[in-house]
Amino acid sequence: DEDSDDSDAGAQLSSRSIGNKSSTKSNRSLFGAPDDAMTSSSSSSRWRTPDSRRSRRARKDVEAALHRLNAINDDGDNGGPGALVDIVATMRQNSSAEEVQALGASMLYDRSKKEGAFLGRSGGIPTILEVMKNHENSSTLHVLCCKLIRNLADAGEYNRKVLAKHGAFNLLCDTMERNLDNIAIQCRGCAALAAMAEESKQSRTSSKMFDYARVLGVLVGAVSAFPEHEDVLRRVYNALKAYGYKPMTVLMKWQNEEERKKFIASLA
């Protein structure tokens, strides 16, 4: 009958499929992985490009650096005196990683108020200034660096000399000129320049280290950018006084082109 014919046909199909499976298994044992496995393997290896491997390795390095910095933060006494050296070393080893630079700079800033002198002698100053060079587009990092420069300059003459030698004046002017619409950078930049004023007397002989006209220009520029902001005005006025100028006299002369030229000429 039809049921028995169907069952016979099903049995035949089942036996054929079993036979096919057993033959496939024997083929696997004789010739290794099947074509689809080989295809999968070649596909995955094709995606493991040198660039992707480098990217994964770089990410692991960044995560390891962040872990080291966080471990210092988690230490009960903030890592002790050696912590500054460890932070600076970690930042140097990961100079292109903005995450590492941001965390490291923040940690250095927290310590710079009390340990600014030691930070200056532990190689921290060139590292901080390199952050400004390597990460021009990070306003967050530049605000931190401006604050750090101020604290370091306040910590003593040695720090001011090292800051000037490594281009702090020009870097501060660069970031203030590049971020005229950023009130935080204008305020912090003015404060950092004011803290560096004493060293300007020593660096005046080298135009590469200090340019009076440029420094005065960025201070006046901050006022022009935020003419009604009390904090900016106060910091600009303090900076101009630190450099030995009467703020209103400088601002008035800067408005007139001829007066400005004469004034700049008198700075030479």
# chains A, B, ... in the order shown; residues from 1 in each chain; ligands from 1
>>> residues_around(residues="Gly123 in chain A", least_positions_apart="5", cutoff="10 Å", atoms="only C-alpha atoms", output="PyMOL selection string")
chain A and resi 84-85+88-89+118+128+162
>>> write_last_selection(atoms="N, CA and C atoms", output="PDB file, in the first residue's frame")
ATOM      1  N   LEU A  84      54.980  60.759  41.052  1.00  0.00           N
ATOM      2  CA  LEU A  84      55.180  61.763  40.006  1.00  0.00           C
ATOM      3  C   LEU A  84      56.041  61.211  38.878  1.00  0.00           C
ATOM      4  N   VAL A  85      57.111  60.518  39.248  1.00  0.00           N
ATOM      5  CA  VAL A  85      57.999  59.932  38.244  1.00  0.00           C
ATOM      6  C   VAL A  85      57.255  58.888  37.423  1.00  0.00           C
ATOM      7  N   VAL A  88      54.781  60.649  34.978  1.00  0.00           N
ATOM      8  CA  VAL A  88      55.502  61.260  33.860  1.00  0.00           C
ATOM      9  C   VAL A  88      55.981  60.187  32.880  1.00  0.00           C
ATOM     10  N   ALA A  89      56.534  59.090  33.401  1.00  0.00           N
ATOM     11  CA  ALA A  89      57.024  58.004  32.544  1.00  0.00           C
ATOM     12  C   ALA A  89      55.894  57.389  31.724  1.00  0.00           C
ATOM     13  N   PHE A 118      59.311  69.578  42.935  1.00  0.00           N
ATOM     14  CA  PHE A 118      59.792  68.223  42.633  1.00  0.00           C
ATOM     15  C   PHE A 118      59.373  67.810  41.229  1.00  0.00           C
ATOM     16  N   ILE A 128      54.857  67.902  29.876  1.00  0.00           N
ATOM     17  CA  ILE A 128      53.629  68.708  29.831  1.00  0.00           C
ATOM     18  C   ILE A 128      53.583  69.565  28.569  1.00  0.00           C
ATOM     19  N   VAL A 162      63.223  76.462  33.148  1.00  0.00           N
ATOM     20  CA  VAL A 162      63.015  75.267  32.318  1.00  0.00           C
ATOM     21  C   VAL A 162      61.803  75.460  31.403  1.00  0.00           C
TER      22      VAL A 162
END
>>> closest_atom_pairs(of="range 120-141 of chain A", to="range 174-192 of chain A", cutoff="9 Å", atoms="only C-alpha atoms", output="JSON lines")
{"residue": "A:Met132", "atom": "CA", "partner": "A:Thr175", "partner_atom": "CA", "distance": 8.2}
{"residue": "A:Glu136", "atom": "CA", "partner": "A:Thr175", "partner_atom": "CA", "distance": 7.7}
{"residue": "A:Ser139", "atom": "CA", "partner": "A:Ile185", "partner_atom": "CA", "distance": 7.5}
{"residue": "A:Thr140", "atom": "CA", "partner": "A:Ile185", "partner_atom": "CA", "distance": 8.8}
>>> closest_residue(among="A:Gln255, A:Thr249, A:Ser122, A:Gln101", to="Asp86 in chain A", atoms="only C-alpha atoms")
A:Ser122
>>> closest_residue(among="A:Lys147, A:Lys60, A:Arg53, A:Lys165", to="Asp110 in chain A", atoms="only C-alpha atoms")
A:Lys147
>>> atom_distance(atom1="CA of Lys253 in chain A", atom2="CA of Asp231 in chain A")
22.3 Å
>>> residues_around(residues="Asn73 in chain A", least_positions_apart="5", cutoff="12 Å", atoms="only C-alpha atoms", output="number ranges by chain")
A: 66-68, 78-80, 83-84, 86-87, 103-104, 106-108, 110-111
>>> atom_distance(atom1="CA of Ser95 in chain A", atom2="CA of Glu157 in chain A")
27.2 Å
>>> residues_around(residues="Arg234 in chain A", least_positions_apart="4", cutoff="12 Å", atoms="only C-alpha atoms", output="list in words")
Gln186, Cys187, Arg188, Cys190, Ala191, Ala194, Leu219, Ala222, Val223, Phe226, Pro227, Glu228, His229, Glu230, Asn238, Ala239, Leu240, Lys241 and Pro247 of chain A
>>> residues_around(residues="range 148-155 of chain A", least_positions_apart="6", cutoff="6 Å", atoms="only C-alpha atoms", output="compact mmCIF listing (two decimals) with C-alpha atoms, in the first residue's frame")
# COMPACT_ATOMS: atom_id res chain seq x y z
CA TYR A 109 47.84 69.11 38.33
CA GLY A 116 55.52 71.65 41.93
CA ALA A 117 59.23 72.00 42.65
CA ALA A 192 50.02 81.20 33.21
CA ALA A 195 53.12 83.56 36.53
CA MET A 196 55.90 83.50 33.91
